[in-house]
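Chemist: Okay, here's the structure, questions in a sec.
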Amino acid sequence: MDLLNRFRYWRRWKVGLHVDSVNDVPTRLRRRQAAIVGTSHQKWLAFDCPCGNGHRVLLNLDDNRYPQWRIASELPLTLIPSVDEESAAGHCHYIVRNGRIRWVERKGRR
Ligand SMILES: [Zn+2]
């Protein structure tokens, strides 16, 4: 079933790998693939921002910390709530749902 879903959603965002620590997240992740950090207890979700500027996004999944995101689905990826980030690349605000990105706001910095 998982294989069938991988085929069905190959162009969408998904959780592509599970690693033990933040240091195990590869510098180069595959396109549209996120990594869950923490195998027994999920701590972070790491991926490269869909804006394409190459900045890494790290979302907290741990209930003991705030703000916290929830993965409603790994394949295709659905995140709750939206991601709203201020980084060196600018302001990136988007919703990840059913493996697709819906932009709320996207402002690049020069
Ligand atoms: Zn971005």
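Labeling convention for the structure tokens: chains A, B, ... as they appear, residues from 1 per chain, ligands from 1 in order of appearance.
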Step by step, measure atom-to-atom distances between ligand 1 and each residue using only C-alpha atoms and all ligand atoms, keep those at most 7 Å, then write them as a list in words.
Modeler: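 Here is the list of contacting residues: Cys49, Pro50, Cys51, Gly52, Asn53, His55, Ala89, Gly90, His91 and Cys92 of chain A.
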Chemist: Those selected residues, please, written with N, CA and C atoms and delivered as a compact mmCIF listing (two decimals), in the first residue's frame.
Modeler:
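Okay, this is what ended up in result_16.txt:
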# COMPACT_ATOMS: atom_id res chain seq x y z
N CYS A 49 12.67 24.76 2.37
CA CYS A 49 11.51 25.60 2.09
C CYS A 49 11.11 25.54 0.62
N PRO A 50 9.82 25.39 0.35
CA PRO A 50 9.35 25.31 -1.04
C PRO A 50 9.58 26.58 -1.86
N CYS A 51 10.03 27.67 -1.25
CA CYS A 51 10.29 28.89 -2.02
C CYS A 51 11.49 28.69 -2.94
N GLY A 52 12.31 27.67 -2.66
CA GLY A 52 13.43 27.37 -3.55
C GLY A 52 14.69 28.16 -3.27
N ASN A 53 14.68 28.96 -2.20
CA ASN A 53 15.88 29.70 -1.86
C ASN A 53 16.88 28.88 -1.06
N HIS A 55 16.64 27.55 2.00
CA HIS A 55 16.78 27.58 3.46
C HIS A 55 16.02 26.42 4.08
N ALA A 89 16.02 34.54 3.63
CA ALA A 89 15.48 34.52 2.27
C ALA A 89 14.22 35.39 2.13
N GLY A 90 13.64 35.77 3.25
CA GLY A 90 12.43 36.58 3.20
C GLY A 90 11.32 36.02 4.07
N HIS A 91 10.11 36.34 3.71
CA HIS A 91 8.96 35.87 4.47
C HIS A 91 8.26 34.78 3.68
N CYS A 92 8.16 33.60 4.27
CA CYS A 92 7.53 32.47 3.60
C CYS A 92 6.38 31.97 4.47
Chemist: Excluding same-chain residues fewer than 4 positions from region 27-31 of chain A, what lies within 10 Å of it counting only C-alpha atoms, as number ranges by chain?
Modeler: A: 11-14, 16-17, 23, 35, 46-48, 50, 54, 56
Chemist: Could those residues be written to a file, using N, CA, C and O atoms, as a short mmCIF file (atom, residue, chain, number, x, y, z; two decimals), in the first residue's frame?
Modeler:
data_model
loop_
_atom_site.label_atom_id
_atom_site.label_comp_id
_atom_site.auth_asym_id
_atom_site.auth_seq_id
_atom_site.Cartn_x
_atom_site.Cartn_y
_atom_site.Cartn_z
N ARG A 11 4.98 13.12 -7.06
CA ARG A 11 5.28 14.54 -7.30
C ARG A 11 4.89 15.44 -6.14
O ARG A 11 5.05 16.64 -6.23
N ARG A 12 4.35 14.85 -5.10
CA ARG A 12 3.90 15.66 -3.97
C ARG A 12 4.89 15.60 -2.81
O ARG A 12 5.75 14.74 -2.76
N TRP A 13 4.68 16.51 -1.87
CA TRP A 13 5.50 16.52 -0.67
C TRP A 13 5.17 15.32 0.20
O TRP A 13 4.01 14.93 0.30
N LYS A 14 6.20 14.76 0.85
CA LYS A 14 6.02 13.60 1.69
C LYS A 14 7.12 13.51 2.73
O LYS A 14 8.15 14.19 2.62
N GLY A 16 10.05 11.56 3.66
CA GLY A 16 10.88 10.62 2.92
C GLY A 16 11.79 9.77 3.80
O GLY A 16 12.20 8.70 3.41
N LEU A 17 12.13 10.29 4.98
CA LEU A 17 13.01 9.51 5.85
C LEU A 17 12.83 9.86 7.32
O LEU A 17 12.32 10.92 7.67
N ASN A 23 21.49 15.97 13.48
CA ASN A 23 22.76 15.83 12.75
C ASN A 23 22.69 14.78 11.64
O ASN A 23 23.53 14.77 10.75
N ALA A 35 12.14 15.17 6.44
CA ALA A 35 12.70 14.16 7.33
C ALA A 35 12.14 14.35 8.73
O ALA A 35 12.12 15.46 9.25
N ALA A 46 12.15 18.29 9.36
CA ALA A 46 13.12 19.11 8.62
C ALA A 46 12.87 18.98 7.12
O ALA A 46 12.62 17.88 6.62
N PHE A 47 12.89 20.11 6.43
CA PHE A 47 12.78 20.09 4.97
C PHE A 47 13.29 21.41 4.42
O PHE A 47 13.54 22.35 5.18
N ASP A 48 13.47 21.47 3.11
CA ASP A 48 13.92 22.71 2.49
C ASP A 48 12.69 23.49 2.05
O ASP A 48 11.78 22.94 1.43
N PRO A 50 9.82 25.39 0.35
CA PRO A 50 9.35 25.31 -1.04
C PRO A 50 9.58 26.58 -1.86
O PRO A 50 9.37 26.55 -3.08
N GLY A 54 16.51 27.66 -0.79
CA GLY A 54 17.43 26.74 -0.16
C GLY A 54 17.57 26.86 1.35
O GLY A 54 18.52 26.32 1.91
N ARG A 56 16.65 25.87 5.10
CA ARG A 56 16.12 24.70 5.79
C ARG A 56 15.07 25.12 6.81
O ARG A 56 15.25 26.09 7.54
#
Chemist: Could you tell me how far CA of Val19 (chain A) sits from CA of Phe7 (chain A), in Å to one decimal place?
Modeler: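 Separation between CA of Phe7 (chain A) and CA of Val19 (chain A): 22.5 Å.
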Chemist: Just asking: which residues within chain A are helix (DSSP H, G or I) according to DSSP, as number ranges by chain?
Modeler: A: 2-8, 22-24
Chemist: Hey, what's within 10 Å of Asp84 (chain A) if we count only C-alpha atoms and toss same-chain stuff fewer than 2 positions away? As a VMD selection string, please?
Modeler: chain A and resid 81 to 82 86 to 87 91 to 95 104 to 106
